[in-house]
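Enquirer: Structure provided below as structure tokens; questions to follow.
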Amino acid sequence: MKRIQTIKEVKNEMCRYRSEGQVIGFVPTMGYLHEGHLSLVRESIKQTDRTAVSVYVNPKQFGPDEDYLQYPRDIDRDADVLEKEGVDVLFTCQDREMYPKGYKTYVEVQDYQDVLCGASRPGHFRGVCTVVLKLFQIIKPDIAFFGQKDAQQAVILKKMVKDLNAEVKISVHPIVREKDGLALSSRNALLRPRQRKAALCLYQSLQIAKQAILKGQTDSLKIIHLMKERINKEKQAQWDYVEIVDKNNLESLSKVIKGETLIALAVYIGQVRLIDNIII
Ligand code: AMP
């Protein structure tokens, strides 16, 4: 595996693969890798000839009061793990090269960026779209792999690629969970043991929603009420949002529609903000 730190070098490497007619897969991450990330890496290795992974904690997608500094990092461990998986290139980038002095250009997906996580994290998806489009320009992948864990991000990036005619396929893959249901997240490392237990309320509230729907409940407000009831039972937990939306355009749904409904939530466990979702 090549560890590359400059844009020029990684462009050259990708150019070489392309000139050999190889299909390039790309997995953008913020590192502190877990099995969720690795499921995307394995998918890329399976589907493409060359896999590039980026590890970059993008400062532009964190608000001023968010956990940019606390975000867990361990690039040497990440590099070891990726090497063992058979990744071809690990790209890490310095902030000063990604956003040189005088940087001015941003990408926004209107409306989609303002709901769910975007409502409580203004500017977050602008940061995400900007860095992902920049990475697409640098790597020029044929297929980019993303997790359903960040459901809104996946919808927004698909829309960005469509609207801007970018030549990349966005491939979205299922959420990888712990045995007890907690969705894997780099931020789980920040949870204390008691908080780890409380964090189960995200998955369990989604299960409560699913059961209610299986029993015939379709009224979004009633389902959201049941979910919030479960979360409110945890002293350490404070929901940020619990919403039922159209899985394709993120518009609020008053009734659950089979195959088209995304139930998504964000919950603070202490200071740690976790997200989860299911598609019904
Ligand atoms: P992050 O490092 O958090 O920016 O995540 C990088 C990619 O991994 C994103 O496409 C995430 O959606 C995906 N990802 C994170 N956690 C999981 C998970 N538990 N299951 C599947 N994909 C995940």
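The chains in the structure tokens are called A, B, ... from first to last as shown; in each chain the residues are counted from 1, and the ligands are counted from 1 in the order shown.
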Produce as a PyMOL selection string the set of residues near ligand 1, where near means within 8 Å with only C-alpha atoms and all ligand atoms considered.
Expert: chain A and resi 27-37+39-40+55+57+145-151+153-154+172-177+183-186
Enquirer: So that I can see what lies close to segment 163-171 of chain A, please list as an MDAnalysis selection string the residues with an atom at most 6 Å from it, counting only C-alpha atoms and leaving out residues fewer than 3 positions away in the same chain.
Expert: chainID A and resid 142:145 159:160
Enquirer: Choose the residue, out of A:Val256, A:Val131, A:Val272, A:Ala209, that has the smallest atom-to-atom separation from Arg192 of chain A; count only C-alpha atoms.
Expert: A:Val272
Enquirer: Please run DSSP on the backbone and report, as JSON, numbers by chain, all residues within segment 53-154 of chain A that come out as helix (DSSP H, G or I).
Expert: {"A": [59, 60, 61, 75, 76, 77, 78, 79, 80, 81, 82, 83, 84, 85, 95, 96, 97, 98, 112, 113, 114, 117, 118, 119, 120, 124, 125, 126, 127, 128, 129, 130, 131, 132, 133, 134, 135, 136, 137, 138, 139, 148, 149, 150, 151, 152, 153, 154]}
Enquirer: So which residues touch Val245 of chain A within 6 Å, counting only C-alpha atoms, skipping near sequence neighbours fewer than 2 positions away, as a PDB file with C-alpha atoms, in the first residue's frame?
Expert:
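Wrote result-v8.pdb, looks like this:
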```
ATOM      1  CA  LEU A 250     -35.680  13.872   2.741  1.00  0.00           C
ATOM      2  CA  GLU A 251     -39.072  15.616   2.801  1.00  0.00           C
ATOM      3  CA  SER A 252     -41.094  15.043   5.955  1.00  0.00           C
ATOM      4  CA  LEU A 253     -43.739  12.295   5.685  1.00  0.00           C
ATOM      5  CA  THR A 261     -39.547   5.824   4.302  1.00  0.00           C
ATOM      6  CA  LEU A 262     -36.384   6.765   6.153  1.00  0.00           C
TER       7      LEU A 262
END
```
Enquirer: Identify, with DSSP run on backbone atoms, the residues in segment 166-200 of chain A assigned to strand (DSSP E or B), and express the list as a list in words.
Expert: Lys169, Ile170, Ser171, Val172, His173, Arg177 and Ala183 of chain A
Enquirer: Those residues with N, CA and C atoms, as a short mmCIF file (atom, residue, chain, number, x, y, z; two decimals), in the first residue's frame please?
Expert:
```cif
data_model
loop_
_atom_site.label_atom_id
_atom_site.label_comp_id
_atom_site.auth_asym_id
_atom_site.auth_seq_id
_atom_site.Cartn_x
_atom_site.Cartn_y
_atom_site.Cartn_z
N LYS A 169 -19.89 6.95 -9.79
CA LYS A 169 -21.08 6.26 -9.28
C LYS A 169 -20.98 6.24 -7.76
N ILE A 170 -22.08 6.61 -7.10
CA ILE A 170 -22.12 6.56 -5.62
C ILE A 170 -22.75 5.23 -5.22
N SER A 171 -22.01 4.44 -4.48
CA SER A 171 -22.48 3.12 -4.08
C SER A 171 -22.67 3.11 -2.56
N VAL A 172 -23.90 2.82 -2.12
CA VAL A 172 -24.23 2.95 -0.69
C VAL A 172 -24.44 1.56 -0.08
N HIS A 173 -23.88 1.34 1.11
CA HIS A 173 -23.87 0.00 1.72
C HIS A 173 -24.42 0.01 3.15
N ARG A 177 -23.29 -3.06 12.53
CA ARG A 177 -23.65 -2.84 13.93
C ARG A 177 -22.87 -3.75 14.87
N ALA A 183 -24.96 1.00 16.16
CA ALA A 183 -24.26 1.22 14.89
C ALA A 183 -22.82 1.60 15.17
#
```
Enquirer: Taking only residues of segment 87-188 of chain A that have an atom at most 8 Å from an atom of segment 73-83 of chain A, what is each one's shortest atom pair and its distance in Å to one decimal, using only C-alpha atoms, in chain and number order, as a Markdown table?
Expert:
```
| residue | atom | partner | partner_atom | distance |
| --- | --- | --- | --- | --- |
| A:Val87 | CA | A:Leu82 | CA | 5.6 |
| A:Asp88 | CA | A:Glu83 | CA | 7.8 |
| A:Leu90 | CA | A:Ala79 | CA | 7.2 |
```
Enquirer: Which is closer to Ser120 of chain A than all the others in A:Met98, A:Ile223, A:Ser44, A:Arg273, using only C-alpha atoms?
Expert: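 Checking each of A:Met98, A:Ile223, A:Ser44, A:Arg273 against Ser120 of chain A, counting only C-alpha atoms, the winner is A:Arg273.
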Enquirer: Rounded to one decimal in Å, what is the spacing between atom CA of Arg121 of chain A and atom CA of Asp65 of chain A?
Expert: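 For atom CA of Arg121 of chain A relative to atom CA of Asp65 of chain A, the distance reads 9.9 Å.
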Enquirer: Restricting the calculation to only C-alpha atoms: of A:Gln207, A:Val155, A:Val10, A:Asp240, which residue gets closest to Ile278 of chain A?
Expert: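 Of all the options, A:Gln207 lies closest to Ile278 of chain A.
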Enquirer: Just the residues within 8 Å of Met14 of chain A, please, counting only C-alpha atoms, with nothing from its chain fewer than 2 positions along; format it as a VMD selection string.
Expert: chain A and resid 10 to 12 16 to 18 24 139 to 140
Enquirer: Convert the current residue selection to file output with N, CA and C atoms, as a tab-separated table (two decimals), in the first residue's frame.
Expert:
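Result file follows (selection20.tsv):
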```tsv
chain	number	residue	atom	x	y	z
A	10	VAL	N	-0.81	11.86	-5.42
A	10	VAL	CA	-1.94	10.93	-5.52
A	10	VAL	C	-2.59	11.04	-6.90
A	11	LYS	N	-2.61	12.26	-7.47
A	11	LYS	CA	-3.15	12.42	-8.83
A	11	LYS	C	-2.31	11.60	-9.81
A	12	ASN	N	-0.99	11.64	-9.66
A	12	ASN	CA	-0.10	10.89	-10.56
A	12	ASN	C	-0.36	9.39	-10.47
A	16	ARG	N	-1.87	6.92	-13.40
A	16	ARG	CA	-1.19	5.70	-13.85
A	16	ARG	C	-2.20	4.55	-13.93
A	17	TYR	N	-3.03	4.39	-12.88
A	17	TYR	CA	-4.03	3.31	-12.88
A	17	TYR	C	-4.98	3.49	-14.07
A	18	ARG	N	-5.40	4.72	-14.25
A	18	ARG	CA	-6.38	5.00	-15.31
A	18	ARG	C	-5.79	4.68	-16.69
A	24	ILE	N	-11.23	2.37	-10.75
A	24	ILE	CA	-10.78	2.89	-9.44
A	24	ILE	C	-11.95	3.01	-8.47
A	139	ILE	N	-9.00	12.28	-6.98
A	139	ILE	CA	-8.87	10.82	-7.17
A	139	ILE	C	-9.48	10.39	-8.52
A	140	LYS	N	-10.53	11.09	-8.94
A	140	LYS	CA	-11.31	10.71	-10.14
A	140	LYS	C	-11.71	9.22	-10.11
```
Enquirer: Pick out the residues sitting within 9 Å of Ala264 of chain A, and hand them over as a list in words; count only C-alpha atoms, and ignore anything fewer than 4 positions along from it in its own chain.
Expert: Leu116, Ala151, Gln152, Leu206, Tyr241, Val242, Glu243, Ile244, Val245, Ile275, Asp276, Asn277, Ile278 and Ile279 of chain A
Enquirer: With only C-alpha atoms as the basis for distance, which of A:Lys60, A:Arg50, A:Lys258, A:His225 is at the shortest distance from Ile208 of chain A?
Expert: A:His225
Enquirer: Rank nothing, just name the residue among A:Ile269, A:Val109, A:Leu182, A:Leu200 nearest to Lys162 of chain A, using only C-alpha atoms.
Expert: A:Val109
Enquirer: To one decimal place, how far is atom CA of Cys201 of chain A from atom CA of Lys215 of chain A in Å?
Expert: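 A separation of 20.7 Å between them.
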Enquirer: Please measure the separation of atom CA of Ile213 of chain A and atom CA of Ile280 of chain A, giving the value in Å to one decimal.
Expert: 8.5 Å
Enquirer: So which residues touch Cys93 of chain A within 9 Å, counting only C-alpha atoms, skipping near sequence neighbours fewer than 4 positions away, as a ChimeraX atom specification?
Expert: /A:4-7,54-56,97-98
Enquirer: What does the file look like for those residues with N, CA and C atoms, as an mmCIF file, in the first residue's frame?
Expert:
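The resulting file, selection20.cif, is reproduced below:
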```
data_model
loop_
_atom_site.group_PDB
_atom_site.id
_atom_site.type_symbol
_atom_site.label_atom_id
_atom_site.label_comp_id
_atom_site.auth_asym_id
_atom_site.auth_seq_id
_atom_site.Cartn_x
_atom_site.Cartn_y
_atom_site.Cartn_z
ATOM 1 N N ILE A 4 0.231 8.191 0.679
ATOM 2 C CA ILE A 4 0.515 9.410 -0.090
ATOM 3 C C ILE A 4 -0.075 10.624 0.632
ATOM 4 N N GLN A 5 0.717 11.686 0.703
ATOM 5 C CA GLN A 5 0.279 12.852 1.484
ATOM 6 C C GLN A 5 0.075 14.109 0.652
ATOM 7 N N THR A 6 0.431 14.047 -0.633
ATOM 8 C CA THR A 6 0.250 15.276 -1.425
ATOM 9 C C THR A 6 -0.714 15.015 -2.586
ATOM 10 N N ILE A 7 -1.399 16.088 -2.980
ATOM 11 C CA ILE A 7 -2.400 15.989 -4.049
ATOM 12 C C ILE A 7 -1.718 15.619 -5.372
ATOM 13 N N SER A 54 -9.218 7.596 1.610
ATOM 14 C CA SER A 54 -8.682 8.832 2.196
ATOM 15 C C SER A 54 -9.031 8.857 3.679
ATOM 16 N N VAL A 55 -8.096 9.336 4.463
ATOM 17 C CA VAL A 55 -8.352 9.604 5.877
ATOM 18 C C VAL A 55 -8.079 11.085 6.067
ATOM 19 N N TYR A 56 -9.156 11.838 6.272
ATOM 20 C CA TYR A 56 -9.009 13.289 6.413
ATOM 21 C C TYR A 56 -10.125 13.814 7.300
ATOM 22 N N GLU A 97 -2.974 22.197 2.357
ATOM 23 C CA GLU A 97 -3.028 21.899 0.931
ATOM 24 C C GLU A 97 -4.492 21.757 0.461
ATOM 25 N N MET A 98 -5.337 21.223 1.317
ATOM 26 C CA MET A 98 -6.754 21.075 0.951
ATOM 27 C C MET A 98 -7.421 22.453 0.856
#
```
Enquirer: Check the smallest atom-to-atom distance from each of A:Tyr112, A:Glu85, A:Ile138, A:Tyr99 to Cys15 of chain A using only C-alpha atoms, then report the winner.
Expert: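 Of the candidates, the smallest distance to Cys15 of chain A is held by A:Ile138.
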